[in-house]
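Chemist: Next comes my_file37.txt, compact mmCIF, C-alpha atoms and all ligand atoms:
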```txt
# COMPACT_ATOMS: atom_id res chain seq x y z
CA MET D 75 81.30 135.16 90.12
CA THR D 76 84.29 135.75 87.87
CA THR D 77 87.04 134.09 89.89
CA MET D 78 87.30 130.79 91.77
CA ILE D 79 89.63 128.75 93.95
CA ALA D 80 91.39 125.72 92.48
CA ALA D 81 93.97 123.37 93.99
CA ARG D 82 96.89 123.46 91.57
CA LEU D 83 100.08 121.47 91.26
CA HIS D 84 103.01 123.67 90.21
CA ALA D 85 105.74 121.00 90.38
CA TYR D 86 105.67 117.22 90.64
CA GLY D 87 106.54 116.01 94.10
CA SER D 88 105.44 119.25 95.78
CA PRO D 89 102.13 119.99 97.57
CA MET D 90 99.18 121.55 95.75
CA THR D 91 98.41 125.21 96.44
CA LEU D 92 95.04 126.94 96.52
CA ASP D 93 95.10 129.56 93.78
CA ARG D 94 92.52 132.13 92.73
CA ILE D 95 91.97 131.93 88.97
CA ASP D 96 89.32 133.02 86.45
CA VAL D 97 86.11 131.02 86.10
CA PRO D 98 86.23 129.65 82.54
CA GLU D 99 83.56 130.33 79.89
CA PRO D 100 82.05 127.21 78.32
CA ARG D 101 82.59 126.82 74.58
CA PRO D 102 79.47 126.28 72.40
CA THR D 103 79.21 122.51 72.99
CA ASP D 104 80.52 122.62 76.58
CA VAL D 105 78.98 123.28 79.97
CA LEU D 106 80.25 124.96 83.11
CA VAL D 107 79.71 122.87 86.25
CA GLU D 108 79.93 124.14 89.82
CA VAL D 109 81.66 121.26 91.59
CA LYS D 110 80.00 120.07 94.81
CA ALA D 111 82.10 116.95 95.42
CA CYS D 112 85.09 115.29 93.79
CA GLY D 113 86.13 111.70 94.40
CA VAL D 114 89.81 111.21 95.15
CA VAL D 115 91.44 107.96 94.07
CA PRO D 116 94.28 106.59 96.22
CA ASN D 117 96.48 106.44 93.12
CA LEU D 118 96.44 110.24 92.76
CA ALA D 119 99.16 110.67 95.38
CA ARG D 120 101.41 108.38 93.36
CA VAL D 121 100.58 110.15 90.07
CA ILE D 122 101.41 113.65 91.33
CA SER D 123 104.72 112.41 92.69
CA ASN D 124 105.49 111.90 88.96
CA PHE D 125 105.29 108.10 89.13
CA PHE D 126 104.90 107.78 85.34
CA GLY D 127 107.72 110.22 84.64
CA THR D 128 110.13 108.23 86.76
CA GLN D 129 108.95 104.86 85.41
CA VAL D 130 108.97 105.84 81.72
CA PRO D 131 110.72 109.24 81.35
CA ASP D 132 109.80 109.70 77.66
CA LEU D 133 106.12 109.05 78.23
CA LYS D 134 104.33 112.39 77.92
CA ILE D 135 101.06 111.59 79.62
CA MET D 136 100.98 114.13 82.43
CA PRO D 137 99.13 117.44 82.05
CA PRO D 138 101.03 120.72 81.56
CA LEU D 139 101.79 122.56 84.82
CA PRO D 140 100.29 124.17 86.74
CA ALA D 141 97.70 121.39 86.66
CA ILE D 142 94.31 120.95 88.30
CA PHE D 143 93.64 117.31 89.18
CA GLY D 144 90.42 115.61 90.29
CA LEU D 145 89.01 112.65 88.35
CA ASP D 146 85.43 112.25 89.59
CA PRO D 147 83.58 115.58 89.87
CA THR D 148 79.90 115.92 90.63
CA GLY D 149 77.97 119.15 90.85
CA VAL D 150 75.38 121.46 89.35
CA VAL D 151 75.35 122.83 85.82
CA ALA D 152 75.96 126.59 86.09
CA LYS D 153 76.02 127.61 82.44
CA VAL D 154 75.65 125.91 79.05
CA GLY D 155 77.20 126.72 75.68
CA GLY D 156 75.08 128.04 72.83
CA GLN D 157 74.80 124.67 71.09
CA VAL D 158 73.81 122.66 74.19
CA ARG D 159 70.13 121.77 73.75
CA ALA D 160 69.07 119.17 76.32
CA ILE D 161 70.98 120.11 79.48
CA ARG D 162 69.98 123.15 81.51
CA PRO D 163 71.54 125.15 84.34
CA GLY D 164 70.60 123.69 87.71
CA GLU D 165 70.79 120.04 86.69
CA ARG D 166 72.71 117.71 89.02
CA VAL D 167 75.43 115.79 87.20
CA TYR D 168 78.46 113.53 87.36
CA VAL D 169 81.13 114.58 84.85
CA ASN D 170 82.63 111.60 83.06
CA PRO D 171 86.31 112.61 82.70
CA ALA D 172 86.89 110.38 79.63
CA ARG D 173 87.97 112.64 76.76
CA SER D 174 88.70 111.68 73.18
CA CYS D 175 89.62 113.57 70.01
CA GLY D 176 86.11 113.42 68.54
CA SER D 177 87.14 113.02 64.91
CA CYS D 178 89.28 109.87 64.51
CA ARG D 179 87.85 106.65 63.07
CA MET D 180 87.04 105.22 66.51
CA CYS D 181 85.41 108.41 67.77
CA ARG D 182 83.35 108.72 64.59
CA SER D 183 82.31 105.08 65.04
CA GLY D 184 80.90 105.81 68.49
CA GLN D 185 83.78 104.15 70.35
CA PRO D 186 85.51 107.10 72.05
CA LEU D 187 87.11 104.84 74.68
CA ASP D 188 89.16 103.33 71.83
CA CYS D 189 90.40 106.75 70.63
CA PRO D 190 94.22 106.78 70.28
CA GLN D 191 94.15 110.18 72.05
CA PHE D 192 92.14 108.88 75.04
CA THR D 193 92.70 111.22 77.97
CA PHE D 194 91.33 111.61 81.49
CA GLN D 195 90.33 115.19 82.27
CA GLY D 196 91.88 116.07 85.62
CA TYR D 197 94.30 113.15 85.67
CA PHE D 198 96.56 112.15 82.76
CA GLY D 199 96.29 110.86 79.21
CA ARG D 200 97.59 110.49 75.71
CA SER D 201 96.90 113.98 74.35
CA GLN D 202 98.52 117.18 75.56
CA ASP D 203 96.09 119.09 73.28
CA ILE D 204 93.03 117.61 75.00
CA MET D 205 94.54 118.34 78.43
CA ARG D 206 95.03 121.97 77.34
CA ASP D 207 91.44 122.14 76.03
CA TYR D 208 90.03 120.73 79.30
CA PRO D 209 92.49 121.82 82.00
CA TYR D 210 90.04 121.81 84.92
CA GLY D 211 89.91 118.81 87.25
CA GLY D 212 87.38 118.43 90.04
CA LEU D 213 89.69 119.91 92.69
CA SER D 214 88.38 123.26 91.51
CA GLN D 215 85.20 125.21 92.19
CA PHE D 216 84.12 125.23 88.54
CA ILE D 217 85.04 123.08 85.55
CA THR D 218 84.17 123.07 81.87
CA ALA D 219 83.35 119.79 80.14
CA PRO D 220 81.64 118.63 76.95
CA ALA D 221 77.87 118.28 77.33
CA THR D 222 78.29 114.71 76.06
CA ALA D 223 80.24 113.88 79.25
CA LEU D 224 77.38 114.56 81.65
CA VAL D 225 75.61 111.82 83.60
CA ARG D 226 72.40 113.22 85.07
CA LEU D 227 71.95 112.32 88.72
CA PRO D 228 68.58 111.39 90.21
CA ASP D 229 67.65 113.57 93.20
CA ASN D 230 68.14 110.68 95.65
CA VAL D 231 71.77 110.04 94.57
CA SER D 232 74.07 112.26 96.61
CA PHE D 233 77.00 114.17 95.13
CA GLU D 234 79.31 112.27 97.51
CA ALA D 235 78.11 108.82 96.40
CA ALA D 236 78.23 109.76 92.71
CA ALA D 237 81.80 110.97 93.21
CA ARG D 238 82.60 107.24 93.38
CA PHE D 239 81.25 106.60 89.87
CA GLY D 240 84.73 106.25 88.37
CA TYR D 241 85.27 102.99 90.21
CA PHE D 242 81.66 101.89 89.77
CA GLY D 243 81.71 102.60 86.05
CA THR D 244 85.03 100.85 85.53
CA ALA D 245 83.65 97.75 87.22
CA TYR D 246 80.29 98.06 85.46
CA ALA D 247 81.74 98.23 81.94
CA ALA D 248 83.89 95.17 82.70
CA MET D 249 80.95 93.23 84.11
CA ARG D 250 78.79 94.07 81.10
CA LYS D 251 81.55 92.56 78.94
CA LEU D 252 81.26 89.41 81.06
CA GLY D 253 77.49 89.27 80.77
CA VAL D 254 77.00 89.27 84.55
CA GLY D 255 73.38 88.56 85.36
CA PRO D 256 70.84 85.99 86.57
CA GLY D 257 72.14 82.45 86.81
CA GLN D 258 75.74 83.62 86.52
CA SER D 259 78.58 83.21 88.97
CA LEU D 260 81.28 85.84 89.31
CA LEU D 261 84.61 85.83 91.11
CA ILE D 262 85.81 89.30 92.16
CA ASN D 263 89.56 89.12 92.69
CA GLY D 264 90.30 91.73 95.36
CA VAL D 265 86.72 92.29 96.54
CA GLY D 266 87.60 94.43 99.57
CA GLY D 267 89.23 97.27 97.65
CA GLN D 268 87.91 100.48 96.10
CA LEU D 269 87.16 98.78 92.78
CA GLY D 270 86.25 95.32 94.11
CA LEU D 271 83.60 96.57 96.52
CA CYS D 272 81.93 98.51 93.69
CA ALA D 273 81.94 95.31 91.63
CA ALA D 274 80.23 93.44 94.47
CA LEU D 275 77.50 96.08 94.86
CA LEU D 276 76.96 96.10 91.09
CA ALA D 277 76.84 92.30 90.91
CA LEU D 278 74.02 92.38 93.46
CA ALA D 279 72.23 95.03 91.38
CA MET D 280 72.75 93.15 88.11
CA GLY D 281 71.23 89.96 89.47
CA ALA D 282 74.31 87.72 89.64
CA THR D 283 73.33 84.53 91.45
CA LYS D 284 76.63 83.70 93.11
CA ILE D 285 79.21 86.36 93.96
CA LEU D 286 82.56 85.09 95.18
CA GLY D 287 85.31 87.38 96.38
CA THR D 288 88.94 87.11 97.40
CA GLY D 289 90.96 89.32 99.69
CA ARG D 290 93.63 89.33 102.37
CA ASN D 291 91.89 91.17 105.20
CA ALA D 292 89.44 88.80 106.93
CA ALA D 293 87.55 91.57 108.76
CA LEU D 294 87.00 93.42 105.49
CA LEU D 295 85.85 90.23 103.77
CA ASN D 296 83.31 89.65 106.53
CA ARG D 297 81.90 93.14 105.96
CA VAL D 298 81.58 92.42 102.24
CA LYS D 299 79.82 89.11 102.89
CA ALA D 300 77.44 90.83 105.31
CA LEU D 301 76.11 92.94 102.40
CA ALA D 302 74.20 89.87 101.18
CA PRO D 303 75.12 86.69 103.08
CA GLY D 304 72.95 84.51 100.85
CA ARG D 305 74.64 85.53 97.61
CA ILE D 306 78.16 86.66 98.55
CA ASP D 307 80.89 84.36 99.82
CA THR D 308 84.49 85.31 100.44
CA PHE D 309 87.85 83.57 100.63
CA ALA D 310 90.85 84.89 102.53
CA VAL D 311 93.85 84.14 100.35
CA ALA D 312 97.20 83.29 101.80
CA ASP D 313 100.35 83.33 99.70
CA ALA D 314 100.23 80.91 96.78
CA GLY D 315 102.26 77.74 96.98
CA SER D 316 100.16 74.81 98.09
CA GLN D 317 98.92 72.58 95.25
CA PRO D 318 96.19 72.02 94.35
CA ASP D 319 95.27 75.65 94.96
CA PRO D 320 92.67 75.84 97.77
CA LEU D 321 91.11 78.91 96.08
CA VAL D 322 90.40 76.89 92.92
CA ALA D 323 88.98 74.03 95.00
CA TRP D 324 86.75 76.49 96.89
CA THR D 325 85.32 78.10 93.75
CA LYS D 326 84.66 74.72 92.16
CA ALA D 327 82.89 73.53 95.29
CA ALA D 328 80.71 76.65 95.14
CA THR D 329 79.80 76.10 91.46
CA ASP D 330 78.89 72.40 91.29
CA GLY D 331 82.41 71.59 90.19
CA TYR D 332 82.36 73.77 87.06
CA GLY D 333 84.33 76.84 88.09
CA VAL D 334 83.01 80.39 87.80
CA ASP D 335 81.44 81.89 84.67
CA GLY D 336 83.36 85.13 84.99
CA VAL D 337 86.29 86.74 86.79
CA ILE D 338 86.76 90.46 87.27
CA ASP D 339 90.28 91.22 88.41
CA CYS D 340 90.41 94.20 90.78
CA LEU D 341 93.83 93.64 92.35
CA PRO D 342 95.68 96.71 93.65
CA PRO D 343 98.98 98.13 92.38
CA GLY D 344 101.86 95.94 93.48
CA ALA D 345 99.91 92.67 93.46
CA PRO D 346 101.93 89.84 91.91
CA ALA D 347 101.04 88.14 88.62
CA SER D 348 100.55 84.89 90.54
CA ALA D 349 97.59 86.41 92.41
CA MET D 350 95.86 87.11 89.09
CA MET D 351 96.72 83.69 87.66
CA ARG D 352 95.08 81.94 90.62
CA ALA D 353 91.79 83.69 89.82
CA LEU D 354 92.03 82.80 86.12
CA HIS D 355 92.39 79.15 87.08
CA CYS D 356 89.03 79.41 88.88
CA LEU D 357 87.21 79.87 85.54
CA ARG D 358 85.01 77.13 84.15
CA ARG D 359 85.63 75.81 80.67
CA GLY D 360 84.54 78.64 78.36
CA GLY D 361 84.74 81.18 81.17
CA ARG D 362 85.89 84.76 80.66
CA ALA D 363 87.95 87.22 82.66
CA VAL D 364 88.16 90.98 82.40
CA ASN D 365 91.08 92.82 83.96
CA VAL D 366 90.50 96.26 85.45
CA GLY D 367 93.07 95.78 88.22
CA ALA D 368 96.59 97.17 88.46
CA VAL D 369 98.85 94.12 88.22
CA ILE D 370 101.98 95.30 86.39
CA GLU D 371 104.00 92.06 86.39
CA THR D 372 103.91 89.95 83.22
CA LEU D 373 101.47 87.03 83.47
CA PRO D 374 102.84 83.50 83.00
CA ILE D 375 99.98 82.42 80.74
CA ASN D 376 99.97 79.06 79.04
CA ALA D 377 98.43 79.66 75.60
CA PHE D 378 97.67 75.95 75.20
CA TRP D 379 95.67 75.97 78.44
CA LEU D 380 93.87 79.10 77.23
CA MET D 381 92.95 77.42 73.94
CA THR D 382 91.93 74.00 75.18
CA ASN D 383 89.78 75.47 77.95
CA ARG D 384 88.27 78.15 75.67
CA ILE D 385 89.25 80.86 78.18
CA GLY D 386 88.70 84.53 77.35
CA LEU D 387 90.84 87.31 78.83
CA GLN D 388 90.26 90.98 78.09
CA GLY D 389 91.44 94.32 79.42
CA SER D 390 89.02 97.16 80.09
CA VAL D 391 89.46 100.84 80.93
CA TRP D 392 86.78 103.20 82.19
CA PHE D 393 83.23 103.48 80.82
CA SER D 394 81.03 105.46 78.47
CA THR D 395 78.67 108.23 79.52
CA GLY D 396 75.84 105.90 78.50
CA LYS D 397 77.02 103.28 81.01
CA GLY D 398 77.17 106.08 83.58
CA GLU D 399 73.52 106.90 82.88
CA GLU D 400 72.60 103.25 83.41
CA MET D 401 74.36 103.22 86.80
CA ALA D 402 72.69 106.47 87.81
CA ALA D 403 69.33 104.95 86.89
CA MET D 404 70.06 101.83 88.97
CA ALA D 405 71.16 103.98 91.91
CA GLY D 406 68.07 106.15 91.57
CA ALA D 407 65.80 103.10 91.51
CA GLY D 408 67.58 101.65 94.55
CA THR D 409 68.64 98.43 92.82
CA LEU D 410 72.22 99.67 93.09
CA ASP D 411 72.54 100.29 96.82
CA LEU D 412 75.23 102.88 97.59
CA SER D 413 74.52 103.04 101.33
CA ALA D 414 77.54 100.90 102.26
CA LEU D 415 79.92 103.71 101.30
CA GLU D 416 81.43 105.68 104.18
CA HIS D 417 81.97 109.17 102.84
CA ARG D 418 85.03 110.93 104.21
CA VAL D 419 84.43 114.50 103.04
CA SER D 420 87.16 117.14 103.41
CA PRO D 421 87.34 120.79 102.36
CA LEU D 422 89.47 121.73 99.36
CA SER D 423 91.95 123.38 101.71
CA LYS D 424 92.78 119.93 103.17
CA VAL D 425 93.65 118.30 99.84
CA ASN D 426 97.31 117.69 100.66
CA GLU D 427 96.42 116.12 104.02
CA VAL D 428 93.84 113.89 102.32
CA LEU D 429 96.36 112.70 99.74
CA ALA D 430 98.92 111.96 102.45
CA GLY D 431 96.45 110.01 104.57
CA MET D 432 94.72 107.68 102.14
CA ASP D 433 96.37 104.51 103.42
CA ASP D 434 94.19 104.88 106.50
CA ARG D 435 90.93 103.44 105.16
CA ASN D 436 88.41 100.66 105.61
CA GLY D 437 89.25 99.16 102.24
CA GLY D 438 86.73 100.03 99.56
CA PHE D 439 84.12 101.13 102.09
CA THR D 440 85.91 104.45 102.63
CA ASN D 441 84.95 106.99 99.97
CA PHE D 442 87.40 109.92 99.83
CA VAL D 443 85.68 113.09 98.73
CA ILE D 444 86.84 116.71 98.47
CA ASP D 445 84.23 119.46 98.74
CA PRO D 446 85.58 122.42 96.71
CA THR D 447 82.83 124.73 98.00
CA ARG D 448 84.69 124.71 101.34
CA VAL D 449 88.10 126.37 101.42
CA GLU D 450 88.32 127.31 105.10
ZN ZN D 501 89.37 109.95 68.53
```
As a first step, turn the structure in this file into structure tokens.

Modeler:
Amino acid sequence: MTTMIAARLHAYGSPMTLDRIDVPEPRPTDVLVEVKACGVVPNLARVISNFFGTQVPDLKIMPPLPAIFGLDPTGVVAKVGGQVRAIRPGERVYVNPARSCGSCRMCRSGQPLDCPQFTFQGYFGRSQDIMRDYPYGGLSQFITAPATALVRLPDNVSFEAAARFGYFGTAYAAMRKLGVGPGQSLLINGVGGQLGLCAALLALAMGATKILGTGRNAALLNRVKALAPGRIDTFAVADAGSQPDPLVAWTKAATDGYGVDGVIDCLPPGAPASAMMRALHCLRRGGRAVNVGAVIETLPINAFWLMTNRIGLQGSVWFSTGKGEEMAAMAGAGTLDLSALEHRVSPLSKVNEVLAGMDDRNGGFTNFVIDPTRVE
């Protein structure tokens, strides 16, 4: 096999086309992966319409065209470079798309997520050089990637489920920062969405005692609660305004009056700052929040309140390959139950239709997947 089909974007705002291109050769420390499934994030449609270019025209974070997108590829290792020792052809893997320069102070300190050149393979990022070095996203039949990016998948974890690892890993890294575990309470702000549902499933796996979630869609919230009625409780938020905030009162009532130990904010793009502030006010004294959501508005934070209540607030982006291995192990052992996901698998030839139709979904339960082995 010397050629392959890839969905490529030739101009922002136009549909992708299926093009026949050469199968790349892996460099010495890289692998070639035959993609079996690629997760599609709802934000991709916005990104390829050149959202960033129109918001901040001087920001050069989009890949050179023609570009192959696809953030969450899973598949089978087809070939390994000459210096790859511990991964062999035939292994089932998730490819962590997080790329870094490899030689800056942060990379050399083992903190590649803090690299100033941090770039998502198959999406966008801070380095045009890295995007040229790794130009293959998962909407392609084969991709090259560094061997260090591979998460090995247990046999009982499907390619479709693992194609959701981007959201799972983002939530997992944030929840590890919070110390989610036995005896702890967690509020997931936006629990019904793609990210929030992953956080709920992980909180169950990580042993959180009380898992509280907010959302707007009551039917969706009921489905989330039904995952574990004894440990999950949900609150349908209406627009803010009434004081005292009924959401704060509800979380305090659920935590012996203390407030929650941790908040993970998973709000979708377009959510107002006030929706995030309400969740922060649900924290107990000394509580911590990690933001992985997409609120863009500036938060009206009172620094004096933050200080006197010993509140912690941190941002978090993505996750390391090591965290990916931990999730794969949990999924393989069955402690992380992925069975709630509803996979909506489409052939590569339907990529434009998939991107146009992503608003039609059952919140985070719907898992959008492209199968690049099918191009009919
Ligand atoms: Zn670096």

Chemist: Which residue gives the smallest distance to Arg166 (chain D) among D:Ile135, D:Ile306, D:Met205, D:Val109, with all atoms listed in the file counted?

Modeler: D:Val109

Chemist: Could you produce a table of the residues of chain D lying within 8 Å of ligand ZN 501 (chain D), with the nearest pair of atoms per residue and their separation in Å rounded to one decimal, using all atoms listed in the file, ordered by chain and increasing residue number, as JSON lines?

Modeler:
```
{"residue": "D:Ser174", "atom": "CA", "partner": "D:ZN501", "partner_atom": "ZN", "distance": 5.0}
{"residue": "D:Cys175", "atom": "CA", "partner": "D:ZN501", "partner_atom": "ZN", "distance": 3.9}
{"residue": "D:Gly176", "atom": "CA", "partner": "D:ZN501", "partner_atom": "ZN", "distance": 4.8}
{"residue": "D:Ser177", "atom": "CA", "partner": "D:ZN501", "partner_atom": "ZN", "distance": 5.2}
{"residue": "D:Cys178", "atom": "CA", "partner": "D:ZN501", "partner_atom": "ZN", "distance": 4.0}
{"residue": "D:Arg179", "atom": "CA", "partner": "D:ZN501", "partner_atom": "ZN", "distance": 6.6}
{"residue": "D:Met180", "atom": "CA", "partner": "D:ZN501", "partner_atom": "ZN", "distance": 5.6}
{"residue": "D:Cys181", "atom": "CA", "partner": "D:ZN501", "partner_atom": "ZN", "distance": 4.3}
{"residue": "D:Arg182", "atom": "CA", "partner": "D:ZN501", "partner_atom": "ZN", "distance": 7.3}
{"residue": "D:Pro186", "atom": "CA", "partner": "D:ZN501", "partner_atom": "ZN", "distance": 6.0}
{"residue": "D:Asp188", "atom": "CA", "partner": "D:ZN501", "partner_atom": "ZN", "distance": 7.4}
{"residue": "D:Cys189", "atom": "CA", "partner": "D:ZN501", "partner_atom": "ZN", "distance": 4.0}
{"residue": "D:Pro190", "atom": "CA", "partner": "D:ZN501", "partner_atom": "ZN", "distance": 6.1}
{"residue": "D:Gln191", "atom": "CA", "partner": "D:ZN501", "partner_atom": "ZN", "distance": 5.9}
{"residue": "D:Phe192", "atom": "CA", "partner": "D:ZN501", "partner_atom": "ZN", "distance": 7.2}
```

Chemist: Figure out the distance between CA of Val225 (chain D) and CA of Gly253 (chain D), please, to one decimal in Å.

Modeler: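 That distance, rounded to one decimal, is 22.8 Å.
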
Chemist: Ranking D:Val158, D:Ala430, D:Met136, D:Cys112 by minimum distance to Gly212 (chain D) and counting all atoms listed in the file, which one comes first?

Modeler: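 That would be D:Cys112, the residue with the smallest distance to Gly212 (chain D).
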
Chemist: What does the structure give for the distance between CA of Leu261 (chain D) and CA of Leu286 (chain D), in Å to one decimal?

Modeler: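 Rounded to one decimal, the two atoms are 4.6 Å apart.
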
Chemist: What are the nearest atom pairs, with distances in Å to one decimal, for all residues of region 278-366 of chain D that come at most 9 Å from region 404-412 of chain D, using only C-alpha atoms, set out by chain and rising residue number as CSV?

Modeler:
```
residue,atom,partner,partner_atom,distance
D:Leu278,CA,D:Leu410,CA,7.5
D:Ala279,CA,D:Leu410,CA,4.9
D:Met280,CA,D:Thr409,CA,8.2
```

Chemist: Name the closest residue to Tyr208 (chain D) among the candidates D:Val105, D:Val369, D:Leu354, D:Val443; distances are taken between atoms, counting only C-alpha atoms.

Modeler: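 Of the candidates, the smallest distance to Tyr208 (chain D) is held by D:Val105.
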
Chemist: Applying 7 Å and only C-alpha atoms, which residues near Leu213 (chain D) remain after dropping the ones on its own chain fewer than 5 positions away? List them as a JSON list (two decimals) with C-alpha atoms, in the frame of the given file.

Modeler:
```
[["chain", "number", "residue", "atom", "x", "y", "z"],
["D", 80, "ALA", "CA", 91.39, 125.72, 92.48],
["D", 81, "ALA", "CA", 93.97, 123.37, 93.99],
["D", 112, "CYS", "CA", 85.09, 115.29, 93.79],
["D", 142, "ILE", "CA", 94.31, 120.95, 88.30],
["D", 143, "PHE", "CA", 93.64, 117.31, 89.18],
["D", 144, "GLY", "CA", 90.42, 115.61, 90.29],
["D", 422, "LEU", "CA", 89.47, 121.73, 99.36],
["D", 446, "PRO", "CA", 85.58, 122.42, 96.71]]
```

Chemist: Would you pick out the contacts of Cys340 (chain D) at 12 Å or less, using all atoms listed in the file, so that residues sharing its chain but fewer than 6 positions from it are not included, and give the list as a PyMOL selection string?

Modeler: chain D and resi 241-242+244-245+248-249+261-274+287-289+349-350+353+363-369+389-391+438

Chemist: What does the distance between CA of Ala160 (chain D) and CA of Pro147 (chain D) come to in Å, to one decimal place?

Modeler: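 One can read the CA of Ala160 (chain D) to CA of Pro147 (chain D) distance as 20.2 Å.
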